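Visitor: Sending over model.txt (compact mmCIF, C-alpha atoms).
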# COMPACT_ATOMS: atom_id res chain seq x y z
CA MET A 1 22.22 36.11 13.36
CA HIS A 2 18.47 36.05 13.12
CA ILE A 3 15.48 34.61 11.35
CA SER A 4 13.35 37.04 9.38
CA GLU A 5 9.66 37.56 9.98
CA GLY A 6 7.09 35.41 8.24
CA ILE A 7 9.09 32.20 7.90
CA LEU A 8 8.53 30.16 11.04
CA SER A 9 5.33 28.40 12.04
CA GLY A 10 3.10 29.40 14.97
CA PRO A 11 4.18 26.58 17.34
CA VAL A 12 7.89 27.38 16.81
CA LEU A 13 7.30 31.10 17.36
CA PHE A 14 5.24 30.56 20.50
CA SER A 15 7.57 28.01 22.08
CA GLY A 16 10.52 30.29 21.26
CA ALA A 17 8.75 33.17 22.96
CA ALA A 18 7.91 31.05 26.02
CA LEU A 19 11.49 29.77 26.41
CA ALA A 20 12.89 33.27 25.93
CA ALA A 21 10.53 34.61 28.58
CA ALA A 22 11.68 31.92 31.01
CA GLY A 23 15.37 32.61 30.32
CA THR A 24 14.83 36.35 30.66
CA ALA A 25 13.02 35.80 33.97
CA VAL A 26 16.00 33.86 35.34
CA GLY A 27 18.38 36.55 34.06
CA LEU A 28 16.35 39.36 35.61
CA LYS A 29 16.10 37.54 38.91
CA GLN A 30 19.90 37.33 39.10
CA LEU A 31 20.25 40.95 38.11
CA ASP A 32 20.08 43.06 41.23
CA TYR A 33 19.92 46.84 41.16
CA ASP A 34 23.63 47.18 41.95
CA ARG A 35 24.50 45.58 38.64
CA ILE A 36 21.74 46.87 36.43
CA ALA A 37 23.53 50.01 35.24
CA ARG A 38 26.62 47.96 34.55
CA THR A 39 24.73 45.31 32.56
CA GLY A 40 22.89 47.96 30.57
CA ILE A 41 26.05 49.83 29.62
CA LEU A 42 27.87 46.61 28.77
CA SER A 43 25.01 45.50 26.55
CA ALA A 44 25.17 48.89 24.85
CA ALA A 45 28.87 48.16 24.21
CA PHE A 46 28.01 44.75 22.77
CA PHE A 47 25.35 46.32 20.59
CA VAL A 48 27.87 48.76 19.15
CA ALA A 49 30.53 46.06 18.77
CA SER A 50 28.14 43.79 16.91
CA LEU A 51 27.85 46.45 14.21
CA ILE A 52 31.55 46.06 13.39
CA HIS A 53 32.11 44.47 10.02
CA VAL A 54 35.30 42.49 9.80
CA PRO A 55 36.75 41.67 6.39
CA LEU A 56 36.52 38.11 5.11
CA GLY A 57 38.10 37.76 1.69
CA PRO A 58 36.19 39.95 -0.77
CA THR A 59 33.19 40.42 1.55
CA SER A 60 32.77 41.18 5.22
CA VAL A 61 30.85 39.63 8.09
CA HIS A 62 29.47 41.29 11.16
CA LEU A 63 30.32 39.96 14.59
CA ILE A 64 27.83 38.26 16.90
CA LEU A 65 29.97 38.12 20.05
CA ASN A 66 27.51 36.01 22.03
CA GLY A 67 30.47 33.99 23.34
CA ILE A 68 31.94 37.02 25.12
CA VAL A 69 28.46 38.15 26.19
CA GLY A 70 27.95 34.78 27.87
CA LEU A 71 31.33 34.80 29.60
CA LEU A 72 30.83 38.32 30.94
CA LEU A 73 27.14 38.31 31.78
CA GLY A 74 26.08 34.69 32.42
CA TRP A 75 22.28 34.39 32.63
CA CYS A 76 21.97 38.16 32.24
CA ALA A 77 22.83 37.46 28.59
CA PHE A 78 19.10 36.71 28.11
CA PRO A 79 17.72 40.16 28.96
CA ALA A 80 20.76 41.86 27.39
CA ILE A 81 20.32 40.06 24.06
CA LEU A 82 16.53 40.48 24.12
CA ILE A 83 17.01 44.22 24.42
CA ALA A 84 19.68 44.32 21.73
CA LEU A 85 17.31 42.51 19.36
CA LEU A 86 14.47 44.89 20.18
CA LEU A 87 16.79 47.81 19.44
CA GLN A 88 17.81 46.21 16.14
CA ALA A 89 14.17 45.67 15.20
CA LEU A 90 13.43 49.31 15.90
CA PHE A 91 16.51 50.90 14.39
CA PHE A 92 17.05 48.69 11.36
CA GLN A 93 13.94 46.45 11.11
CA PHE A 94 16.12 43.34 11.28
CA GLY A 95 13.83 40.78 12.83
CA GLY A 96 10.64 41.95 14.46
CA LEU A 97 8.03 41.33 17.08
CA THR A 98 6.97 37.76 16.32
CA THR A 99 10.52 36.45 15.98
CA LEU A 100 11.84 38.31 19.03
CA GLY A 101 11.47 35.23 21.25
CA ILE A 102 13.00 32.64 18.97
CA ASN A 103 15.84 34.98 17.99
CA THR A 104 16.61 35.59 21.66
CA ILE A 105 16.84 31.83 22.14
CA VAL A 106 19.04 31.48 19.04
CA MET A 107 21.61 33.87 20.47
CA ALA A 108 21.24 33.80 24.26
CA LEU A 109 20.85 30.08 24.96
CA PRO A 110 24.29 29.25 23.45
CA ALA A 111 25.74 32.16 25.43
CA VAL A 112 24.50 30.66 28.71
CA ILE A 113 25.56 27.12 27.71
CA CYS A 114 29.06 28.36 26.83
CA TYR A 115 29.18 30.31 30.08
CA TYR A 116 28.73 27.09 32.05
CA LEU A 117 31.03 25.07 29.79
CA PHE A 118 33.98 27.41 29.54
CA SER A 119 34.05 30.08 32.22
CA PRO A 120 35.71 27.72 34.77
CA PHE A 121 38.67 27.33 32.38
CA ILE A 122 39.14 31.00 31.59
CA LYS A 123 40.77 31.80 34.93
CA ASN A 124 43.47 29.10 34.53
CA ASN A 125 46.84 29.39 32.85
CA ASN A 126 47.22 30.84 29.40
CA VAL A 127 47.11 27.67 27.28
CA THR A 128 43.83 26.47 28.84
CA THR A 129 42.39 29.96 28.52
CA ILE A 130 43.31 30.15 24.84
CA ILE A 131 41.69 26.80 24.06
CA ALA A 132 38.60 27.49 26.17
CA ALA A 133 38.12 31.00 24.75
CA TYR A 134 38.48 29.81 21.16
CA ALA A 135 36.05 26.95 21.75
CA CYS A 136 33.65 29.35 23.44
CA GLY A 137 33.62 31.80 20.52
CA PHE A 138 33.43 29.06 17.90
CA LEU A 139 30.84 26.82 19.56
CA CYS A 140 28.60 29.67 20.61
CA VAL A 141 28.02 30.64 16.97
CA PHE A 142 27.81 26.96 16.03
CA PHE A 143 25.08 26.30 18.61
CA SER A 144 23.23 29.40 17.41
CA ALA A 145 23.31 28.13 13.84
CA VAL A 146 22.11 24.69 14.98
CA ILE A 147 19.19 26.14 16.97
CA MET A 148 18.28 28.31 14.00
CA GLY A 149 18.44 25.28 11.70
CA GLY A 150 16.30 23.34 14.16
CA ALA A 151 13.69 26.08 14.25
CA LEU A 152 13.49 25.94 10.45
CA ILE A 153 13.19 22.14 10.35
CA PHE A 154 10.50 22.12 13.05
CA THR A 155 8.57 24.58 10.90
CA GLU A 156 8.78 22.55 7.71
CA GLU A 157 10.62 19.31 6.95
CA ASN A 158 11.45 20.60 3.50
CA PHE A 159 13.62 23.32 5.08
CA MET A 160 16.37 20.72 5.58
CA GLU A 161 18.57 22.11 2.79
CA ILE A 162 18.11 25.71 3.95
CA SER A 163 19.07 24.70 7.51
CA MET A 164 22.23 23.01 6.29
CA LEU A 165 23.01 26.10 4.25
CA VAL A 166 22.60 28.26 7.38
CA ILE A 167 25.01 26.12 9.37
CA ILE A 168 27.63 25.80 6.62
CA SER A 169 27.53 29.45 5.61
CA ASN A 170 28.17 30.43 9.22
CA LEU A 171 31.32 28.32 9.41
CA PRO A 172 33.68 31.21 8.54
CA VAL A 173 31.93 33.36 11.16
CA MET A 174 32.56 30.63 13.76
CA ILE A 175 36.27 30.59 12.94
CA ILE A 176 36.57 34.38 13.12
CA GLU A 177 34.50 34.58 16.33
CA GLY A 178 36.86 32.01 17.84
CA PHE A 179 39.87 34.22 17.13
CA ILE A 180 38.15 37.42 18.24
CA THR A 181 36.95 35.81 21.49
CA THR A 182 40.42 34.44 22.25
CA PHE A 183 42.24 37.71 21.66
CA CYS A 184 39.59 39.70 23.47
CA ILE A 185 39.60 37.45 26.55
CA LEU A 186 43.42 37.45 26.70
CA PHE A 187 43.36 41.23 26.42
CA LEU A 188 40.77 41.61 29.18
CA LYS A 189 42.67 39.19 31.42
CA LYS A 190 45.76 41.30 31.03
CA VAL A 191 44.21 44.76 31.23
CA GLN A 192 41.20 44.37 33.50
CA PRO A 193 40.90 40.88 34.95
CA SER A 194 38.08 41.93 37.28
CA LEU A 195 35.74 42.10 34.28
CA ILE A 196 36.00 38.35 33.72
CA THR A 197 36.50 36.93 37.16
CA LYS A 198 33.40 38.60 38.56
CA MET B 1 24.97 54.78 11.94
CA ILE B 2 22.16 54.47 14.49
CA GLU B 3 19.12 56.65 14.00
CA GLU B 4 15.36 56.66 14.27
CA PRO B 5 14.22 57.99 10.90
CA PHE B 6 10.52 57.31 11.39
CA ALA B 7 10.08 58.63 14.94
CA ALA B 8 9.52 62.27 14.03
CA GLY B 9 6.22 63.21 12.48
CA ASN B 10 2.69 64.23 13.25
CA SER B 11 0.53 61.88 11.23
CA ILE B 12 -2.64 60.15 12.39
CA ILE B 13 -0.58 57.15 13.51
CA HIS B 14 1.91 59.32 15.41
CA GLN B 15 -0.96 60.82 17.42
CA ILE B 16 -2.29 57.47 18.64
CA ASP B 17 -1.49 56.49 22.23
CA PRO B 18 1.81 54.53 22.06
CA ARG B 19 0.50 51.78 24.37
CA PHE B 20 -2.31 51.08 21.94
CA ARG B 21 0.11 51.02 19.03
CA VAL B 22 2.39 48.49 20.74
CA ALA B 23 -0.51 46.23 21.67
CA ALA B 24 -2.12 46.48 18.24
CA ALA B 25 1.14 45.80 16.39
CA THR B 26 1.84 42.72 18.53
CA PHE B 27 -1.66 41.27 18.07
CA TYR B 28 -1.66 41.97 14.33
CA SER B 29 1.87 40.62 13.70
CA PHE B 30 1.22 37.32 15.45
CA ALA B 31 -2.09 36.88 13.64
CA VAL B 32 -0.45 37.45 10.25
CA ALA B 33 2.40 35.10 11.19
CA LEU B 34 -0.18 32.34 11.66
CA CYS B 35 -1.68 32.71 8.16
CA TYR B 36 -0.77 30.40 5.31
CA GLU B 37 -3.30 31.14 2.58
CA PHE B 38 -2.85 33.69 -0.19
CA GLN B 39 -6.16 35.51 0.34
CA PRO B 40 -5.58 36.58 3.98
CA LEU B 41 -1.92 37.33 3.27
CA ILE B 42 -2.79 39.66 0.40
CA VAL B 43 -5.36 41.42 2.58
CA ALA B 44 -2.74 41.72 5.35
CA LEU B 45 -0.22 43.22 2.94
CA THR B 46 -2.82 45.75 1.83
CA VAL B 47 -3.71 46.67 5.42
CA SER B 48 -0.01 47.10 6.24
CA LEU B 49 0.55 49.20 3.15
CA VAL B 50 -2.34 51.49 4.10
CA SER B 51 -0.92 51.84 7.61
CA VAL B 52 2.48 52.84 6.21
CA LEU B 53 0.81 55.43 3.96
CA LEU B 54 -1.22 56.76 6.90
CA SER B 55 1.86 57.10 9.07
CA GLY B 56 3.37 59.48 6.52
CA VAL B 57 6.90 58.14 6.86
CA GLY B 58 9.37 58.59 4.01
CA LEU B 59 8.51 55.88 1.51
CA LYS B 60 12.03 55.89 0.15
CA THR B 61 13.46 54.96 3.56
CA VAL B 62 10.77 52.31 4.03
CA LEU B 63 11.60 50.74 0.68
CA LYS B 64 15.30 50.76 1.51
CA ARG B 65 14.65 48.98 4.81
CA LEU B 66 12.35 46.44 3.16
CA ALA B 67 14.88 45.82 0.39
CA ILE B 68 17.53 44.75 2.92
CA VAL B 69 15.14 42.29 4.55
CA ASN B 70 14.01 40.93 1.20
CA VAL B 71 17.59 40.11 0.29
CA PHE B 72 17.46 37.50 3.08
CA ILE B 73 14.20 36.16 1.68
CA LEU B 74 15.79 35.89 -1.76
CA LEU B 75 17.61 32.87 -0.36
CA PHE B 76 14.27 31.08 -0.03
CA TRP B 77 13.39 31.95 -3.64
CA ILE B 78 16.62 30.30 -4.74
CA VAL B 79 16.65 27.21 -2.52
CA LEU B 80 12.97 26.28 -2.05
CA PRO B 81 11.95 25.85 -5.73
CA LEU B 82 14.85 23.42 -6.15
CA THR B 83 14.39 21.41 -2.97
CA TYR B 84 10.75 21.61 -1.87
CA LYS B 85 9.40 18.24 -3.05
CA GLY B 86 5.91 18.40 -4.53
CA ASN B 87 3.78 16.99 -7.32
CA ASN B 88 4.11 19.72 -9.87
CA VAL B 89 7.55 19.49 -11.38
CA TYR B 90 8.92 21.53 -14.23
CA SER B 91 12.20 20.60 -15.81
CA LEU B 92 14.48 23.42 -16.74
CA GLY B 93 17.22 21.53 -18.51
CA PRO B 94 18.92 19.35 -15.90
CA VAL B 95 17.27 20.90 -12.82
CA ASN B 96 13.79 20.20 -11.45
CA VAL B 97 11.77 23.19 -10.30
CA TYR B 98 8.97 22.45 -7.83
CA LEU B 99 5.84 24.59 -7.92
CA ALA B 100 5.22 24.06 -4.19
CA GLY B 101 8.56 25.71 -3.43
CA ILE B 102 7.74 28.77 -5.49
CA ILE B 103 4.35 29.09 -3.80
CA LEU B 104 5.87 28.86 -0.32
CA ALA B 105 8.56 31.41 -1.15
CA ALA B 106 5.85 33.79 -2.39
CA LYS B 107 3.83 33.33 0.80
CA ILE B 108 6.89 33.96 2.98
CA THR B 109 7.60 37.16 1.06
CA LEU B 110 4.04 38.46 1.49
CA LYS B 111 3.95 37.59 5.19
CA SER B 112 7.36 39.02 5.99
CA ASN B 113 6.70 42.34 4.28
CA ALA B 114 3.25 42.68 5.82
CA ILE B 115 4.63 42.16 9.35
CA LEU B 116 7.56 44.50 8.83
CA MET B 117 5.50 47.32 7.40
CA VAL B 118 3.30 47.29 10.50
CA LEU B 119 6.40 47.34 12.69
CA ILE B 120 7.60 50.42 10.81
CA SER B 121 4.28 52.27 10.81
CA PHE B 122 3.07 51.46 14.36
CA ILE B 123 6.22 51.10 16.46
CA ALA B 124 9.16 52.66 14.63
CA THR B 125 7.09 55.86 14.60
CA MET B 126 7.76 56.37 18.32
CA THR B 127 11.09 57.12 19.93
CA PHE B 128 12.71 54.37 21.94
CA ALA B 129 12.15 56.36 25.12
CA THR B 130 8.42 56.46 24.44
CA LEU B 131 8.45 52.74 23.72
CA GLY B 132 10.13 52.09 27.06
CA HIS B 133 7.57 54.15 28.95
CA SER B 134 4.65 52.52 27.19
CA LEU B 135 6.09 49.05 27.84
CA SER B 136 6.28 49.77 31.55
CA ARG B 137 2.60 50.81 31.45
CA LEU B 138 1.85 47.51 29.70
CA ARG B 139 3.16 45.62 32.76
CA ILE B 140 6.50 44.57 31.29
CA PRO B 141 8.81 43.93 34.32
CA GLU B 142 10.23 47.15 35.72
CA LYS B 143 13.80 45.80 35.63
CA LEU B 144 13.64 44.88 31.97
CA VAL B 145 12.32 48.31 31.03
CA PHE B 146 15.04 49.92 33.12
CA LEU B 147 17.71 47.84 31.38
CA LEU B 148 16.17 48.78 28.04
CA MET B 149 16.29 52.49 28.80
CA ILE B 150 19.83 52.44 30.11
CA THR B 151 21.06 50.43 27.12
CA TYR B 152 19.39 52.87 24.77
CA ARG B 153 20.76 55.82 26.72
CA TYR B 154 24.35 54.63 26.44
CA ILE B 155 24.43 53.22 22.91
CA PHE B 156 25.15 56.65 21.50
CA VAL B 157 27.85 57.39 24.10
CA ILE B 158 29.55 54.05 23.50
CA GLN B 159 29.31 54.60 19.77
CA GLN B 160 31.30 57.81 20.16
CA GLU B 161 33.90 55.93 22.19
CA TYR B 162 34.05 53.37 19.41
CA GLN B 163 34.58 56.03 16.77
CA LYS B 164 37.36 57.55 18.88
CA ILE B 165 39.18 54.20 19.00
CA ILE B 166 38.65 53.60 15.28
CA ARG B 167 40.03 57.06 14.46
CA SER B 168 43.11 56.41 16.53
CA ILE B 169 43.87 53.07 14.87
CA LYS B 170 43.31 54.60 11.45
CA ILE B 171 45.80 57.35 12.25
CA ARG B 172 48.29 54.63 13.09
CA GLY B 173 47.80 53.22 9.59
CA PHE B 174 45.44 50.31 10.28
CA LYS B 175 43.76 48.87 7.18
CA PRO B 176 41.35 45.95 7.69
CA LYS B 177 42.26 42.85 5.68
CA THR B 178 41.61 39.13 6.02
CA THR B 179 44.53 38.57 8.37
CA LEU B 180 45.01 37.43 11.93
CA HIS B 181 46.43 40.87 12.70
CA THR B 182 43.11 42.48 11.68
CA TYR B 183 41.11 40.14 13.87
CA LYS B 184 43.46 40.74 16.76
CA THR B 185 43.12 44.49 16.33
CA PHE B 186 39.32 44.28 16.28
CA ALA B 187 39.38 42.03 19.33
CA TYR B 188 41.45 44.64 21.19
CA VAL B 189 39.08 47.38 20.02
CA ILE B 190 36.17 45.41 21.46
CA GLY B 191 38.11 44.70 24.63
CA MET B 192 38.92 48.39 25.05
CA LEU B 193 35.30 49.28 24.39
CA LEU B 194 34.18 46.86 27.13
CA ILE B 195 36.71 48.25 29.60
CA ARG B 196 35.67 51.83 28.96
CA ALA B 197 32.01 50.80 29.20
CA SER B 198 32.63 49.08 32.50
CA GLU B 199 34.51 52.02 33.96
CA ARG B 200 31.78 54.35 32.81
CA ALA B 201 29.21 52.02 34.38
CA ASP B 202 30.89 52.37 37.78
CA ARG B 203 30.89 56.16 37.52
CA VAL B 204 27.28 56.22 36.34
CA TYR B 205 26.16 53.94 39.13
CA ASN B 206 27.91 56.05 41.77
CA ALA B 207 26.32 59.18 40.35
CA MET B 208 22.93 57.51 40.42
CA ARG B 209 23.43 56.48 44.05
CA CYS B 210 24.40 60.04 44.96
CA ARG B 211 21.13 61.28 43.50
CA GLY B 212 19.13 58.80 45.54
CA PHE B 213 18.58 55.99 43.04
CA ASN B 214 16.22 53.47 44.58
CA GLY B 215 15.67 51.04 41.72
CA LYS B 216 12.99 52.95 39.89
CA TYR B 217 12.98 54.95 36.72
CA TYR B 218 10.22 57.51 36.92
CA SER B 219 8.29 58.36 33.81
CA LEU B 220 6.68 61.76 33.59
CA THR B 221 4.88 60.89 30.38
CA ASP B 222 1.18 60.80 30.93
CA PHE B 223 -0.43 58.63 28.30
CA GLN B 224 -3.89 59.69 27.25
CA ALA B 225 -6.18 57.23 25.55
CA ASP B 226 -8.43 59.52 23.55
CA ALA B 227 -11.28 58.60 21.22
CA LYS B 228 -8.89 58.42 18.27
CA SER B 229 -6.83 55.70 20.00
CA TRP B 230 -9.92 53.63 20.71
CA VAL B 231 -11.08 53.94 17.11
CA PHE B 232 -7.59 52.92 15.97
CA VAL B 233 -7.44 49.86 18.16
CA THR B 234 -10.97 48.83 17.12
CA VAL B 235 -10.13 49.13 13.42
CA VAL B 236 -6.87 47.17 13.77
CA SER B 237 -8.51 44.44 15.85
CA GLY B 238 -11.33 44.22 13.31
CA ALA B 239 -8.87 43.88 10.45
CA THR B 240 -6.88 41.26 12.37
CA LEU B 241 -9.95 39.19 13.16
CA GLY B 242 -11.05 39.49 9.54
CA ILE B 243 -7.68 38.19 8.34
CA LEU B 244 -7.83 35.28 10.80
CA LEU B 245 -11.40 34.49 9.70
CA MET B 246 -10.31 34.44 6.04
CA GLU B 247 -7.49 32.08 6.96
CA VAL B 248 -9.94 29.71 8.64
CA ILE B 249 -12.38 29.85 5.69
CA PHE B 250 -9.83 29.33 2.94
CA ASN B 251 -7.78 26.79 4.85
CA GLY B 252 -10.81 24.67 5.70
Mind turning this structure into structure tokens?
Guide:
Amino acid sequence: MHISEGILSGPVLFSGAALAAAGTAVGLKQLDYDRIARTGILSAAFFVASLIHVPLGPTSVHLILNGIVGLLLGWCAFPAILIALLLQALFFQFGGLTTLGINTIVMALPAVICYYLFSPFIKNNNVTTIIAAYACGFLCVFFSAVIMGGALIFTEENFMEISMLVIISNLPVMIIEGFITTFCILFLKKVQPSLITK
Amino acid sequence: MIEEPFAAGNSIIHQIDPRFRVAAATFYSFAVALCYEFQPLIVALTVSLVSVLLSGVGLKTVLKRLAIVNVFILLFWIVLPLTYKGNNVYSLGPVNVYLAGIILAAKITLKSNAILMVLISFIATMTFATLGHSLSRLRIPEKLVFLLMITYRYIFVIQQEYQKIIRSIKIRGFKPKTTLHTYKTFAYVIGMLLIRASERADRVYNAMRCRGFNGKYYSLTDFQADAKSWVFVTVVSGATLGILLMEVIFNG
């Protein structure tokens, strides 16, 4: 999920960049050299997984997965997502240099929020895990859409309708992300619990 | 699926010091993003177009990339004329079309394309490895650059893992549909991908330790700022300042 170049106003772009820099600084501070290879390879896995298109009726949507990123990486989601966006800009020209900051905020801030909200419940019994994981996947995309809508409204009051459209059109993605996050977390808990509990 | 179609080449732009290209592209993109008047935006689009032509990249590929981005912008062409309240109203049957909306959509299109073309011609013309090295010379934190390089290094490996898993589920007769079963399958594919990535990460880290990894990624690339690079950066800065000046004049 990202905002294209040339839409947002200067103040929104610059504050997005400043916030993203702060978040990335916190993430990097927590990332010691023992974990750096691990974080890099995991973010490569997320990058590849986010290219998966899942069917939705006659069309398909691509996954965002920032819920799982948040649960697995915590604050390190900031540098990981920043790098993924830079790679996307370079490989596919989706998003670019000026929107790098705000797009990082759009995707990484919800990941960190959901990490704090839901990771304590993931280790509990299965029913709590299912509810928490679904909420994590769903809300993470929802928060992203809301931040994106907010960035548009701060740019121009007349972007109200476009912002609403962004949030509503992402509703199916939220539902699917909820399911994917739930199944994925249950799978990881069964197969390699150390990935989550760390 | 993942490739760098513009990185190979030997044009004037390809020969410029990558550090200068990164700095110039950043300065130029932000300046263009701040413009709102037609005159500077049209000049910016022209400058970007010239830079794409100079970089000698395949125009067909460039157009394809731009087309995808412009599909997103199409949304603004549909919504803004109907919702952007202004004085000039034209009635098309039952719907009101606002001139201000059309103007804004046009400006967004110009701006977006101008910024993207410079991204393609200045930055997409270097490999990601070169970008990483030049970022570390531009004082981007060492750790971030390291993370960038290692992510880039393993994307292609992980992609092969992914294709292996996809092949094996296809052989078992998996066909994606809008069902819970499909979503569950994809979730397991992602889960498996993460597990394999994590196991690989442990092996990679151990191997790095064995070879004396001490938290640094050494770059052997020696960047040379020759006369050409200085001319390049002067021309781009001049153009950028000119565009900003036009914005100030026409906006005032």
Visitor: Write out as an mmCIF file with C-alpha atoms, in the coordinates of the input the residues lying within 9 Å of Val26 of chain A, counting only C-alpha atoms and excluding same-chain residues fewer than 4 positions away.
Guide:
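Once everything was written out, this is selection-v3.cif:
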data_model
loop_
_atom_site.group_PDB
_atom_site.id
_atom_site.type_symbol
_atom_site.label_atom_id
_atom_site.label_comp_id
_atom_site.auth_asym_id
_atom_site.auth_seq_id
_atom_site.Cartn_x
_atom_site.Cartn_y
_atom_site.Cartn_z
ATOM 1 C CA ALA A 21 10.530 34.610 28.580
ATOM 2 C CA ALA A 22 11.680 31.920 31.010
ATOM 3 C CA GLN A 30 19.900 37.330 39.100
ATOM 4 C CA LEU A 31 20.250 40.950 38.110
ATOM 5 C CA TRP A 75 22.280 34.390 32.630
ATOM 6 C CA CYS A 76 21.970 38.160 32.240
ATOM 7 C CA PHE A 78 19.100 36.710 28.110
#
Visitor: Using all atoms listed in the file, find the one residue out of A:Leu152, A:Ile131, A:Leu188, A:Ile196 that sits nearest to chain B.
Guide: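 Closest candidate: A:Leu188.
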Visitor: Measure the distance from atom CA of Leu59 of chain B to atom CA of Leu74 of chain B in Å and round it to one decimal.
Guide: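 Between atom CA of Leu59 of chain B and atom CA of Leu74 of chain B the gap works out to 21.5 Å.
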Visitor: Which chain A residues are at most 8 Å from chain B (counting all atoms listed in the file), as number ranges by chain?
Guide: A: 4-10, 28, 33-34, 36-49, 54-57, 79-80, 83, 87, 90-94, 96-98, 158-159, 161-162, 176, 179-181, 183-185, 187-188, 192, 195
Visitor: Box for segment 24-27 of chain B: with edges along x, y and z, all listed atoms inside and 8 Å added on each side, what are the centre and edge lengths in Å to one decimal, as AutoDock Vina command-line options?
Guide:
--center_x -0.1 --center_y 43.9 --center_z 17.5 --size_x 20.0 --size_y 21.2 --size_z 18.1
Visitor: One number please: atom CA of Pro120 of chain A to atom CA of Val69 of chain A, in Å, one decimal.
Guide: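 These two atoms are separated by 15.3 Å.
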Visitor: Provide the atom CA of Ala145 of chain A to atom CA of Asn170 of chain A distance in Å, to one decimal place.
Guide: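 Answer for the atom CA of Ala145 of chain A to atom CA of Asn170 of chain A separation: 7.1 Å.
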Visitor: Write only N, CA and C atoms for segment 128-140 of chain A from the block just shown, as a PDB file, in the first residue's frame.
Guide:
ATOM      1  N   THR A 128      -7.377 -17.328  22.182  1.00  0.00           N
ATOM      2  CA  THR A 128      -6.868 -15.956  22.302  1.00  0.00           C
ATOM      3  C   THR A 128      -5.933 -15.651  21.139  1.00  0.00           C
ATOM      4  N   THR A 129      -5.088 -16.615  20.809  1.00  0.00           N
ATOM      5  CA  THR A 129      -4.152 -16.395  19.701  1.00  0.00           C
ATOM      6  C   THR A 129      -4.900 -16.126  18.407  1.00  0.00           C
ATOM      7  N   ILE A 130      -5.947 -16.936  18.158  1.00  0.00           N
ATOM      8  CA  ILE A 130      -6.694 -16.767  16.906  1.00  0.00           C
ATOM      9  C   ILE A 130      -7.290 -15.368  16.830  1.00  0.00           C
ATOM     10  N   ILE A 131      -7.934 -14.946  17.935  1.00  0.00           N
ATOM     11  CA  ILE A 131      -8.566 -13.618  17.930  1.00  0.00           C
ATOM     12  C   ILE A 131      -7.515 -12.530  17.780  1.00  0.00           C
ATOM     13  N   ALA A 132      -6.438 -12.634  18.556  1.00  0.00           N
ATOM     14  CA  ALA A 132      -5.397 -11.600  18.517  1.00  0.00           C
ATOM     15  C   ALA A 132      -4.737 -11.543  17.142  1.00  0.00           C
ATOM     16  N   ALA A 133      -4.457 -12.701  16.548  1.00  0.00           N
ATOM     17  CA  ALA A 133      -3.785 -12.713  15.247  1.00  0.00           C
ATOM     18  C   ALA A 133      -4.688 -12.131  14.169  1.00  0.00           C
ATOM     19  N   TYR A 134      -5.981 -12.487  14.218  1.00  0.00           N
ATOM     20  CA  TYR A 134      -6.897 -11.938  13.212  1.00  0.00           C
ATOM     21  C   TYR A 134      -6.963 -10.427  13.344  1.00  0.00           C
ATOM     22  N   ALA A 135      -7.148  -9.959  14.603  1.00  0.00           N
ATOM     23  CA  ALA A 135      -7.240  -8.518  14.847  1.00  0.00           C
ATOM     24  C   ALA A 135      -5.965  -7.822  14.396  1.00  0.00           C
ATOM     25  N   CYS A 136      -4.837  -8.464  14.639  1.00  0.00           N
ATOM     26  CA  CYS A 136      -3.555  -7.881  14.254  1.00  0.00           C
ATOM     27  C   CYS A 136      -3.481  -7.688  12.740  1.00  0.00           C
ATOM     28  N   GLY A 137      -3.797  -8.745  11.986  1.00  0.00           N
ATOM     29  CA  GLY A 137      -3.743  -8.653  10.525  1.00  0.00           C
ATOM     30  C   GLY A 137      -4.724  -7.637   9.983  1.00  0.00           C
ATOM     31  N   PHE A 138      -5.940  -7.668  10.521  1.00  0.00           N
ATOM     32  CA  PHE A 138      -6.999  -6.778  10.044  1.00  0.00           C
ATOM     33  C   PHE A 138      -6.678  -5.324  10.375  1.00  0.00           C
ATOM     34  N   LEU A 139      -6.394  -5.069  11.663  1.00  0.00           N
ATOM     35  CA  LEU A 139      -6.221  -3.687  12.115  1.00  0.00           C
ATOM     36  C   LEU A 139      -4.965  -3.040  11.538  1.00  0.00           C
ATOM     37  N   CYS A 140      -3.938  -3.858  11.314  1.00  0.00           N
ATOM     38  CA  CYS A 140      -2.706  -3.305  10.782  1.00  0.00           C
ATOM     39  C   CYS A 140      -2.966  -2.650   9.421  1.00  0.00           C
TER      40      CYS A 140
END
